[in-house]
Each structure stands twice: as structure tokens, then as C-alpha cells.
Amino acid sequence: MSAQHPLPLVLIPALLCDKAMYRAVIDGLGGLVTAQVLVAARPTMAESVEEILERAPARFVLGGSSYGGTVAIEVALSAPERITGLWLTGCDPGAPNRDAMQGLAAMLENSTEAAVAHLASVVVHPRATVAAATFREMAGRIGGPAAAAQARALAGRDSAWERLEELSMPALVLWGEDDAAIPVAVGQRMAATLPTARFQAIRECGHLPTLERADDVAVIVGEWIEQAITT
């Protein structure tokens with residue numbers, strides 16, 4: 001995949017994840033994009049959104065997975081004029097279970113290894129052992145305090161379902177068909193609510209497709225960029 005003028009692509013990783021989450025997909029996209037991975041780890045969603053917009057190009061394609069997808073929705077709602085395309089995976093626009101998120105934040109701070117072990121059992125397909133190992137490595141680099149801040153940012157946000165219709169830029173909703181964290185039905189509903197969205201599920205794939213099925217993700221995202229954004 002290549003382009004005369006590579007498109008700026010900003011990617012926001014999932015909770016406890018860093019740039020390694022997208023490395024293989026970025027390689028697969030080749031010269032089609034110039035990618036920038038920004039970890040959002042402020043204690044409030046508003047602060048994370050502000051930081052992303054400060055560090056991002058003037059106009060860009062925006063992608064986010066899981067927690068990063070939730071942040072991406074908020075970024076797009078805050079500055080829709082800057083977003084040329086929106087790629088979302090494994091995220092829930094609905095209001096959070098605040099008690100559960102606060103409990104996860106406390107566990108990440110006080111029992112980080114146990115929290116990471118629990119999340120690793122949920123966020124990747126049982127057969128994706130390499131992806132699970134990569135998740136644990138990223139979690140070690142991010143650390144409990146930063147991940148706790150991410151969980152608290154999730155706990156403090158409101159539902160965005162009612163505002164999704166404001167996002168008229170081309171959108172790709174890409175899901176693991178076997179996602180055990182956020183059901184595929186949430187992605188289908190989100191794609192149906194966004195004004196200009198394409199939905200695609202990847203079979204035998206869990207919550208983090210960019211780790212589990214990077215080659216497939218690169219092909220799907222590359223085709224979407226070429227068909228929906230560069231034409």
C-alpha cells in the first residue's frame with residue numbers, strides 16, 4: 001500500500017497498551033499513512049482529549065481501540081472539523097459502570113499484577129498466546145498508576161450514544177467477532193448510528209484485533225482509507 005501524499009493517522013491504544021499495539025498494522029499500511037501513536041493517560045477524559053488535540057496534526061485520520069476508542073470518540077466530538085476519518089474498535093459509547101471502573105482503578109494501583117492477569121484473560125482470544133504476551137509486556141511499560149488514571153477517566157465520562165450522529169466523517173467500525181469484553185452487537189449498533197460508517201467483524205478474533213490479526217486489520221483499514229478518504 002502506498003500513496004503520493006501519506007495521510008496523517010493518529011492512533012490511541014487500549015488501556016495498559018502502548019505503540020506496540022499498532023506496530024504491525026502500521027507496517028502493513030506502509031506508505032499510505034504517517035502514523036503517530038499517542039497514549040492517553042490523564043485522570044479525566046477532558047484532559048486526555050485536550051492533550052491528544054495538542055499533539056495531533058491540524059487534520060488527521062483518528063483510530064482508537066477499546067479505551068482508546070472511547071477517547072477517540074470524545075476527540076472527534078470535540079473537534080470534528082479536524083478529523084478526516086474515524087476508525088473505532090472494541091469501544092462502548094455508553095455510560096460506564098462507575099463503581100466497576102473505580103474498582104478497576106484501585107486494583108490497578110494496589111494489585112497491578114492481578115489486574116493485568118485478569119484483563120489479559122479477557123481482552124485476547126484464548127488461542128492468541130502471542131497477543132496475550134505482548135499485552136502483558138505493554139502493561140509492564142505503562143504501569144499501574146497510569147492505567148488507573150485511564151480507568152478513572154472512563155469512570156468520569158457520560159454516554160456518547162446520543163451524540164454519535166454528529167460525527168459525519170467517514171467511519172470504520174472494526175470488531176473481533178469473539179470479543180469477550182465488548183460484544184460485537186455494540187459495534188453493529190455504533191456503525192448503524194454513525195452517519196457514514198462501515199462495519200466489519202473479524203472471525204476468530206477477540207477484543208484487540210490489531211494484536212491478534214494485524215495483517216487482516218491492515219488490509220481492511222487500508223482499503224477503507226483508499227475508498228472512503230482518499231477518493
# chains A, B, ... in the order shown; residues from 1 in each chain; ligands from 1
call {"tool": "residues_around", "arguments": {"residues": "Val184 (chain A)", "least_positions_apart": "2", "cutoff": "10 Å", "atoms": "only C-alpha atoms", "output": "VMD selection string"}}
result
chain A and resid 89 to 91 174 to 182 186 to 190 200 to 201 206 to 207
call {"tool": "write_last_selection", "arguments": {"atoms": "N, CA, C and O atoms", "output": "short mmCIF file (atom, residue, chain, number, x, y, z; two decimals), in the first residue's frame"}}
result
data_model
loop_
_atom_site.label_atom_id
_atom_site.label_comp_id
_atom_site.auth_asym_id
_atom_site.auth_seq_id
_atom_site.Cartn_x
_atom_site.Cartn_y
_atom_site.Cartn_z
N THR A 89 -12.60 0.53 17.34
CA THR A 89 -12.58 -0.91 17.60
C THR A 89 -12.82 -1.18 19.09
O THR A 89 -12.17 -0.56 19.94
N GLY A 90 -13.74 -2.07 19.39
CA GLY A 90 -13.90 -2.59 20.75
C GLY A 90 -14.18 -1.57 21.82
O GLY A 90 -13.75 -1.74 22.97
N CYS A 91 -14.93 -0.53 21.48
CA CYS A 91 -15.22 0.52 22.48
C CYS A 91 -16.73 0.63 22.69
O CYS A 91 -17.51 0.24 21.83
N LEU A 174 -14.56 -1.60 13.35
CA LEU A 174 -13.89 -2.89 13.12
C LEU A 174 -13.87 -3.67 14.43
O LEU A 174 -13.40 -3.13 15.44
N TRP A 175 -14.36 -4.90 14.41
CA TRP A 175 -14.56 -5.63 15.66
C TRP A 175 -14.05 -7.05 15.57
O TRP A 175 -14.09 -7.68 14.50
N GLY A 176 -13.59 -7.59 16.68
CA GLY A 176 -13.33 -9.02 16.79
C GLY A 176 -14.65 -9.73 17.04
O GLY A 176 -15.38 -9.39 17.98
N GLU A 177 -14.97 -10.70 16.21
CA GLU A 177 -16.26 -11.36 16.32
C GLU A 177 -16.44 -12.07 17.66
O GLU A 177 -17.56 -12.23 18.14
N ASP A 178 -15.33 -12.48 18.27
CA ASP A 178 -15.39 -13.18 19.55
C ASP A 178 -14.97 -12.29 20.72
O ASP A 178 -14.45 -12.78 21.73
N ASP A 179 -15.18 -11.00 20.59
CA ASP A 179 -14.81 -10.06 21.64
C ASP A 179 -15.55 -10.40 22.93
O ASP A 179 -16.78 -10.34 22.99
N ALA A 180 -14.81 -10.75 23.97
CA ALA A 180 -15.40 -11.11 25.26
C ALA A 180 -15.56 -9.91 26.19
O ALA A 180 -16.18 -10.04 27.25
N ALA A 181 -15.02 -8.77 25.81
CA ALA A 181 -15.10 -7.58 26.65
C ALA A 181 -16.25 -6.67 26.24
O ALA A 181 -17.02 -6.21 27.09
N ILE A 182 -16.35 -6.38 24.96
CA ILE A 182 -17.43 -5.53 24.42
C ILE A 182 -18.09 -6.32 23.29
O ILE A 182 -17.47 -6.53 22.25
N VAL A 186 -22.52 -4.25 20.09
CA VAL A 186 -22.26 -2.83 20.38
C VAL A 186 -21.65 -2.17 19.15
O VAL A 186 -22.03 -1.06 18.77
N GLY A 187 -20.70 -2.84 18.51
CA GLY A 187 -20.11 -2.30 17.30
C GLY A 187 -21.11 -2.17 16.18
O GLY A 187 -21.11 -1.16 15.45
N GLN A 188 -21.98 -3.15 16.03
CA GLN A 188 -23.00 -3.08 14.99
C GLN A 188 -23.95 -1.91 15.23
O GLN A 188 -24.31 -1.18 14.29
N ARG A 189 -24.34 -1.72 16.47
CA ARG A 189 -25.22 -0.58 16.79
C ARG A 189 -24.51 0.75 16.54
O ARG A 189 -25.10 1.69 16.00
N MET A 190 -23.24 0.81 16.88
CA MET A 190 -22.49 2.05 16.68
C MET A 190 -22.38 2.37 15.19
O MET A 190 -22.55 3.52 14.78
N GLN A 200 -17.21 -3.98 9.99
CA GLN A 200 -16.62 -5.26 9.62
C GLN A 200 -16.17 -5.99 10.87
O GLN A 200 -15.53 -5.41 11.75
N ALA A 201 -16.52 -7.27 10.92
CA ALA A 201 -16.08 -8.13 12.03
C ALA A 201 -15.03 -9.12 11.51
O ALA A 201 -15.09 -9.56 10.36
N GLY A 206 -10.56 -11.74 19.16
CA GLY A 206 -11.08 -11.17 20.38
C GLY A 206 -11.11 -9.65 20.39
O GLY A 206 -11.34 -9.00 19.38
N HIS A 207 -10.81 -9.09 21.54
CA HIS A 207 -11.01 -7.67 21.81
C HIS A 207 -9.96 -6.76 21.16
O HIS A 207 -10.22 -5.58 20.95
#
call {"tool": "residues_around", "arguments": {"residues": "Ile52 (chain A)", "least_positions_apart": "3", "cutoff": "8 Å", "atoms": "only C-alpha atoms", "output": "VMD selection string"}}
result
chain A and resid 38 40 48 to 49 55 to 56 75
call {"tool": "write_last_selection", "arguments": {"atoms": "all heavy atoms", "output": "PDB file, in the first residue's frame"}}
result
ATOM      1  N   LEU A  38      -0.448   7.891  20.218  1.00  0.00           N
ATOM      2  CA  LEU A  38      -0.493   8.750  21.394  1.00  0.00           C
ATOM      3  C   LEU A  38      -1.194   8.027  22.528  1.00  0.00           C
ATOM      4  O   LEU A  38      -2.375   7.681  22.411  1.00  0.00           O
ATOM      5  CB  LEU A  38      -1.230  10.061  21.071  1.00  0.00           C
ATOM      6  CG  LEU A  38      -0.623  10.928  19.968  1.00  0.00           C
ATOM      7  CD1 LEU A  38      -1.484  12.172  19.739  1.00  0.00           C
ATOM      8  CD2 LEU A  38       0.807  11.335  20.325  1.00  0.00           C
ATOM      9  N   ALA A  40      -3.071   7.991  25.855  1.00  0.00           N
ATOM     10  CA  ALA A  40      -3.866   8.920  26.663  1.00  0.00           C
ATOM     11  C   ALA A  40      -3.965   8.371  28.076  1.00  0.00           C
ATOM     12  O   ALA A  40      -4.520   7.294  28.286  1.00  0.00           O
ATOM     13  CB  ALA A  40      -5.250   9.088  26.059  1.00  0.00           C
ATOM     14  N   SER A  48      -7.362  14.218  28.688  1.00  0.00           N
ATOM     15  CA  SER A  48      -6.787  13.361  27.651  1.00  0.00           C
ATOM     16  C   SER A  48      -7.136  13.885  26.262  1.00  0.00           C
ATOM     17  O   SER A  48      -6.289  13.903  25.367  1.00  0.00           O
ATOM     18  CB  SER A  48      -7.283  11.917  27.816  1.00  0.00           C
ATOM     19  OG  SER A  48      -6.629  11.285  28.895  1.00  0.00           O
ATOM     20  N   VAL A  49      -8.376  14.303  26.074  1.00  0.00           N
ATOM     21  CA  VAL A  49      -8.800  14.863  24.787  1.00  0.00           C
ATOM     22  C   VAL A  49      -7.974  16.094  24.451  1.00  0.00           C
ATOM     23  O   VAL A  49      -7.481  16.250  23.321  1.00  0.00           O
ATOM     24  CB  VAL A  49     -10.304  15.195  24.816  1.00  0.00           C
ATOM     25  CG1 VAL A  49     -10.697  16.037  23.608  1.00  0.00           C
ATOM     26  CG2 VAL A  49     -11.127  13.921  24.864  1.00  0.00           C
ATOM     27  N   ARG A  55      -1.250  17.513  20.527  1.00  0.00           N
ATOM     28  CA  ARG A  55      -0.120  16.788  19.941  1.00  0.00           C
ATOM     29  C   ARG A  55      -0.390  16.298  18.513  1.00  0.00           C
ATOM     30  O   ARG A  55       0.546  15.947  17.800  1.00  0.00           O
ATOM     31  CB  ARG A  55       0.226  15.593  20.835  1.00  0.00           C
ATOM     32  CG  ARG A  55       0.682  15.995  22.240  1.00  0.00           C
ATOM     33  CD  ARG A  55       0.870  14.786  23.135  1.00  0.00           C
ATOM     34  NE  ARG A  55       1.924  13.908  22.649  1.00  0.00           N
ATOM     35  CZ  ARG A  55       2.185  12.701  23.155  1.00  0.00           C
ATOM     36  NH1 ARG A  55       1.448  12.238  24.148  1.00  0.00           N
ATOM     37  NH2 ARG A  55       3.155  11.969  22.666  1.00  0.00           N
ATOM     38  N   ALA A  56      -1.639  16.296  18.108  1.00  0.00           N
ATOM     39  CA  ALA A  56      -2.005  15.767  16.795  1.00  0.00           C
ATOM     40  C   ALA A  56      -1.818  16.812  15.699  1.00  0.00           C
ATOM     41  O   ALA A  56      -1.753  18.014  15.973  1.00  0.00           O
ATOM     42  CB  ALA A  56      -3.453  15.294  16.821  1.00  0.00           C
ATOM     43  N   VAL A  75     -12.578  12.831  21.289  1.00  0.00           N
ATOM     44  CA  VAL A  75     -11.756  13.738  20.489  1.00  0.00           C
ATOM     45  C   VAL A  75     -12.534  14.187  19.259  1.00  0.00           C
ATOM     46  O   VAL A  75     -12.563  15.390  18.911  1.00  0.00           O
ATOM     47  CB  VAL A  75     -10.436  13.056  20.072  1.00  0.00           C
ATOM     48  CG1 VAL A  75      -9.691  13.895  19.035  1.00  0.00           C
ATOM     49  CG2 VAL A  75      -9.552  12.816  21.295  1.00  0.00           C
TER      50      VAL A  75
END
call {"tool": "atom_distance", "arguments": {"atom1": "CA of Glu74 (chain A)", "atom2": "CA of Pro13 (chain A)"}}
result
14.3 Å
call {"tool": "select_by_dssp", "arguments": {"residues": "region 64-107 of chain A", "states": "helix (DSSP H, G or I)", "output": "VMD selection string"}}
result
chain A and resid 67 to 78 80 to 82 98 to 107
call {"tool": "closest_residue", "arguments": {"among": "A:Glu54, A:Leu9, A:Thr44, A:Glu137", "to": "Leu32 (chain A)", "atoms": "only C-alpha atoms"}}
result
A:Leu9
call {"tool": "atom_distance", "arguments": {"atom1": "CA of Met101 (chain A)", "atom2": "CA of Ala192 (chain A)"}}
result
26.9 Å
call {"tool": "select_by_dssp", "arguments": {"residues": "region 57-229 of chain A", "states": "strand (DSSP E or B)", "output": "list in words"}}
result
Phe60, Val61, Leu62, Gly63, Gly64, Ser65, Ile83, Thr84, Gly85, Leu86, Trp87, Leu88, Thr89, Ala171, Leu172, Val173, Leu174, Trp175, Gly176, Ala197, Arg198, Phe199, Gln200, Ala201 and Ile202 of chain A
call {"tool": "write_last_selection", "arguments": {"atoms": "N, CA and C atoms", "output": "tab-separated table (two decimals), in the first residue's frame"}}
result
chain	number	residue	atom	x	y	z
A	60	PHE	N	-6.43	14.97	10.54
A	60	PHE	CA	-5.88	13.62	10.61
A	60	PHE	C	-6.99	12.59	10.66
A	61	VAL	N	-6.64	11.38	10.22
A	61	VAL	CA	-7.46	10.20	10.45
A	61	VAL	C	-7.20	9.76	11.89
A	62	LEU	N	-8.26	9.38	12.60
A	62	LEU	CA	-8.15	9.05	14.02
A	62	LEU	C	-8.63	7.62	14.25
A	63	GLY	N	-7.82	6.85	14.96
A	63	GLY	CA	-8.21	5.49	15.32
A	63	GLY	C	-8.01	5.23	16.79
A	64	GLY	N	-8.87	4.41	17.36
A	64	GLY	CA	-8.73	4.05	18.76
A	64	GLY	C	-9.33	2.70	19.04
A	65	SER	N	-8.71	1.96	19.96
A	65	SER	CA	-9.17	0.62	20.33
A	65	SER	C	-9.53	0.57	21.80
A	83	ILE	N	-11.00	15.95	12.03
A	83	ILE	CA	-10.96	14.51	11.84
A	83	ILE	C	-11.44	14.16	10.43
A	84	THR	N	-10.54	13.60	9.61
A	84	THR	CA	-10.90	13.26	8.23
A	84	THR	C	-11.46	11.85	8.11
A	85	GLY	N	-11.28	11.03	9.12
A	85	GLY	CA	-11.82	9.69	9.16
A	85	GLY	C	-11.69	9.14	10.57
A	86	LEU	N	-12.61	8.26	10.95
A	86	LEU	CA	-12.65	7.76	12.32
A	86	LEU	C	-12.74	6.24	12.31
A	87	TRP	N	-11.74	5.59	12.90
A	87	TRP	CA	-11.69	4.12	12.98
A	87	TRP	C	-11.81	3.72	14.44
A	88	LEU	N	-12.84	2.93	14.76
A	88	LEU	CA	-13.13	2.55	16.13
A	88	LEU	C	-13.17	1.03	16.26
A	89	THR	N	-12.60	0.53	17.34
A	89	THR	CA	-12.58	-0.91	17.60
A	89	THR	C	-12.82	-1.18	19.09
A	171	ALA	N	-16.37	6.69	8.65
A	171	ALA	CA	-16.05	5.91	9.85
A	171	ALA	C	-15.93	4.43	9.51
A	172	LEU	N	-15.01	3.78	10.19
A	172	LEU	CA	-14.85	2.33	10.11
A	172	LEU	C	-15.01	1.78	11.52
A	173	VAL	N	-15.95	0.87	11.68
A	173	VAL	CA	-16.14	0.18	12.96
A	173	VAL	C	-15.68	-1.27	12.74
A	174	LEU	N	-14.56	-1.60	13.35
A	174	LEU	CA	-13.89	-2.89	13.12
A	174	LEU	C	-13.87	-3.67	14.43
A	175	TRP	N	-14.36	-4.90	14.41
A	175	TRP	CA	-14.56	-5.63	15.66
A	175	TRP	C	-14.05	-7.05	15.57
A	176	GLY	N	-13.59	-7.59	16.68
A	176	GLY	CA	-13.33	-9.02	16.79
A	176	GLY	C	-14.65	-9.73	17.04
A	197	ALA	N	-20.77	5.14	8.20
A	197	ALA	CA	-19.90	4.13	8.80
A	197	ALA	C	-19.95	2.82	8.02
A	198	ARG	N	-18.81	2.15	8.05
A	198	ARG	CA	-18.68	0.80	7.51
A	198	ARG	C	-18.36	-0.12	8.68
A	199	PHE	N	-19.07	-1.25	8.74
A	199	PHE	CA	-18.83	-2.21	9.83
A	199	PHE	C	-18.19	-3.47	9.27
A	200	GLN	N	-17.21	-3.98	9.99
A	200	GLN	CA	-16.62	-5.26	9.62
A	200	GLN	C	-16.17	-5.99	10.87
A	201	ALA	N	-16.52	-7.27	10.92
A	201	ALA	CA	-16.08	-8.13	12.03
A	201	ALA	C	-15.03	-9.12	11.51
A	202	ILE	N	-14.08	-9.45	12.35
A	202	ILE	CA	-13.03	-10.41	12.02
A	202	ILE	C	-13.31	-11.69	12.79
call {"tool": "residues_around", "arguments": {"residues": "region 128-135 of chain A", "least_positions_apart": "6", "cutoff": "9 Å", "atoms": "only C-alpha atoms", "output": "list in words"}}
result
Leu16, Cys17, Ala20, Met21, Val116, Ala120, Ser121, Cys205, Gly206, Leu208, Leu211 and Glu212 of chain A
call {"tool": "closest_residue", "arguments": {"among": "A:Ala105, A:Ala46, A:Val123, A:Ala115", "to": "Gly140 (chain A)", "atoms": "only C-alpha atoms"}}
result
A:Ala115
call {"tool": "residues_around", "arguments": {"residues": "Gln36 (chain A)", "least_positions_apart": "6", "cutoff": "9 Å", "atoms": "only C-alpha atoms", "output": "list in words"}}
result
Pro8, Leu9, Val10, Leu11, Ile12, Lys19 and Ala56 of chain A
call {"tool": "write_last_selection", "arguments": {"atoms": "all heavy atoms", "output": "CSV table (one decimal), in the first residue's frame"}}
result
chain,number,residue,atom,x,y,z
A,8,PRO,N,-2.0,11.7,7.5
A,8,PRO,CA,-1.7,11.6,9.0
A,8,PRO,C,-2.7,10.7,9.7
A,8,PRO,O,-3.9,10.9,9.5
A,8,PRO,CB,-1.8,13.1,9.4
A,8,PRO,CG,-1.8,13.9,8.2
A,8,PRO,CD,-2.3,13.0,7.1
A,9,LEU,N,-2.2,9.8,10.4
A,9,LEU,CA,-3.0,8.9,11.2
A,9,LEU,C,-2.6,8.9,12.6
A,9,LEU,O,-1.5,8.6,13.0
A,9,LEU,CB,-2.9,7.4,10.6
A,9,LEU,CG,-3.5,6.3,11.4
A,9,LEU,CD1,-5.0,6.4,11.4
A,9,LEU,CD2,-3.1,4.9,10.8
A,10,VAL,N,-3.5,9.2,13.5
A,10,VAL,CA,-3.3,9.3,15.0
A,10,VAL,C,-4.0,8.1,15.6
A,10,VAL,O,-5.2,7.9,15.3
A,10,VAL,CB,-3.8,10.6,15.6
A,10,VAL,CG1,-3.7,10.5,17.1
A,10,VAL,CG2,-2.9,11.7,15.1
A,11,LEU,N,-3.3,7.3,16.3
A,11,LEU,CA,-3.8,6.1,16.9
A,11,LEU,C,-3.7,6.1,18.5
A,11,LEU,O,-2.7,6.5,19.0
A,11,LEU,CB,-3.1,4.8,16.4
A,11,LEU,CG,-3.2,4.6,14.9
A,11,LEU,CD1,-2.2,3.5,14.5
A,11,LEU,CD2,-4.6,4.2,14.6
A,12,ILE,N,-4.8,5.8,19.1
A,12,ILE,CA,-4.9,5.8,20.6
A,12,ILE,C,-5.0,4.4,21.1
A,12,ILE,O,-6.0,3.7,20.8
A,12,ILE,CB,-6.0,6.7,21.1
A,12,ILE,CG1,-6.0,8.1,20.5
A,12,ILE,CG2,-6.0,6.8,22.6
A,12,ILE,CD1,-7.2,8.9,20.8
A,19,LYS,N,2.5,1.8,21.9
A,19,LYS,CA,2.6,1.8,20.5
A,19,LYS,C,2.8,0.4,19.9
A,19,LYS,O,2.5,0.2,18.7
A,19,LYS,CB,3.8,2.7,20.0
A,19,LYS,CG,5.2,2.2,20.6
A,19,LYS,CD,6.2,3.2,20.2
A,19,LYS,CE,7.6,2.8,20.7
A,19,LYS,NZ,8.7,3.8,20.4
A,56,ALA,N,-1.6,16.3,18.1
A,56,ALA,CA,-2.0,15.8,16.8
A,56,ALA,C,-1.8,16.8,15.7
A,56,ALA,O,-1.8,18.0,16.0
A,56,ALA,CB,-3.5,15.3,16.8
call {"tool": "closest_residue", "arguments": {"among": "A:Val122, A:Ala76, A:Ala214, A:Leu108", "to": "Ile142 (chain A)", "atoms": "only C-alpha atoms"}}
result
A:Leu108
call {"tool": "atom_distance", "arguments": {"atom1": "CA of Thr230 (chain A)", "atom2": "CA of Thr210 (chain A)"}}
result
22.3 Å
call {"tool": "closest_residue", "arguments": {"among": "A:Leu164, A:Met138, A:Val124, A:Ala106", "to": "Asp92 (chain A)", "atoms": "only C-alpha atoms"}}
result
A:Leu164
call {"tool": "decode", "arguments": {"residues": "region 64-92 of chain A", "atoms": "C-alpha atoms", "output": "PDB file, in the first residue's frame"}}
result
ATOM      1  CA  GLY A  64      -8.729   4.045  18.759  1.00  0.00           C
ATOM      2  CA  SER A  65      -9.169   0.618  20.326  1.00  0.00           C
ATOM      3  CA  SER A  66     -11.121  -0.196  23.494  1.00  0.00           C
ATOM      4  CA  TYR A  67     -10.355   2.604  25.990  1.00  0.00           C
ATOM      5  CA  GLY A  68      -8.554   4.375  23.151  1.00  0.00           C
ATOM      6  CA  GLY A  69     -11.683   4.130  21.028  1.00  0.00           C
ATOM      7  CA  THR A  70     -13.697   5.818  23.746  1.00  0.00           C
ATOM      8  CA  VAL A  71     -11.125   8.608  23.863  1.00  0.00           C
ATOM      9  CA  ALA A  72     -11.223   8.819  20.050  1.00  0.00           C
ATOM     10  CA  ILE A  73     -14.987   9.351  20.121  1.00  0.00           C
ATOM     11  CA  GLU A  74     -14.561  12.221  22.579  1.00  0.00           C
ATOM     12  CA  VAL A  75     -11.756  13.738  20.489  1.00  0.00           C
ATOM     13  CA  ALA A  76     -13.920  13.567  17.366  1.00  0.00           C
ATOM     14  CA  LEU A  77     -16.868  15.159  19.177  1.00  0.00           C
ATOM     15  CA  SER A  78     -14.608  17.937  20.485  1.00  0.00           C
ATOM     16  CA  ALA A  79     -13.003  18.807  17.132  1.00  0.00           C
ATOM     17  CA  PRO A  80     -14.910  17.141  14.264  1.00  0.00           C
ATOM     18  CA  GLU A  81     -13.522  19.625  11.755  1.00  0.00           C
ATOM     19  CA  ARG A  82     -10.037  18.170  12.301  1.00  0.00           C
ATOM     20  CA  ILE A  83     -10.957  14.506  11.841  1.00  0.00           C
ATOM     21  CA  THR A  84     -10.899  13.259   8.234  1.00  0.00           C
ATOM     22  CA  GLY A  85     -11.820   9.687   9.157  1.00  0.00           C
ATOM     23  CA  LEU A  86     -12.650   7.761  12.323  1.00  0.00           C
ATOM     24  CA  TRP A  87     -11.694   4.123  12.976  1.00  0.00           C
ATOM     25  CA  LEU A  88     -13.131   2.547  16.134  1.00  0.00           C
ATOM     26  CA  THR A  89     -12.579  -0.911  17.602  1.00  0.00           C
ATOM     27  CA  GLY A  90     -13.896  -2.592  20.747  1.00  0.00           C
ATOM     28  CA  CYS A  91     -15.220   0.517  22.480  1.00  0.00           C
ATOM     29  CA  ASP A  92     -18.530   1.320  24.169  1.00  0.00           C
TER      30      ASP A  92
END
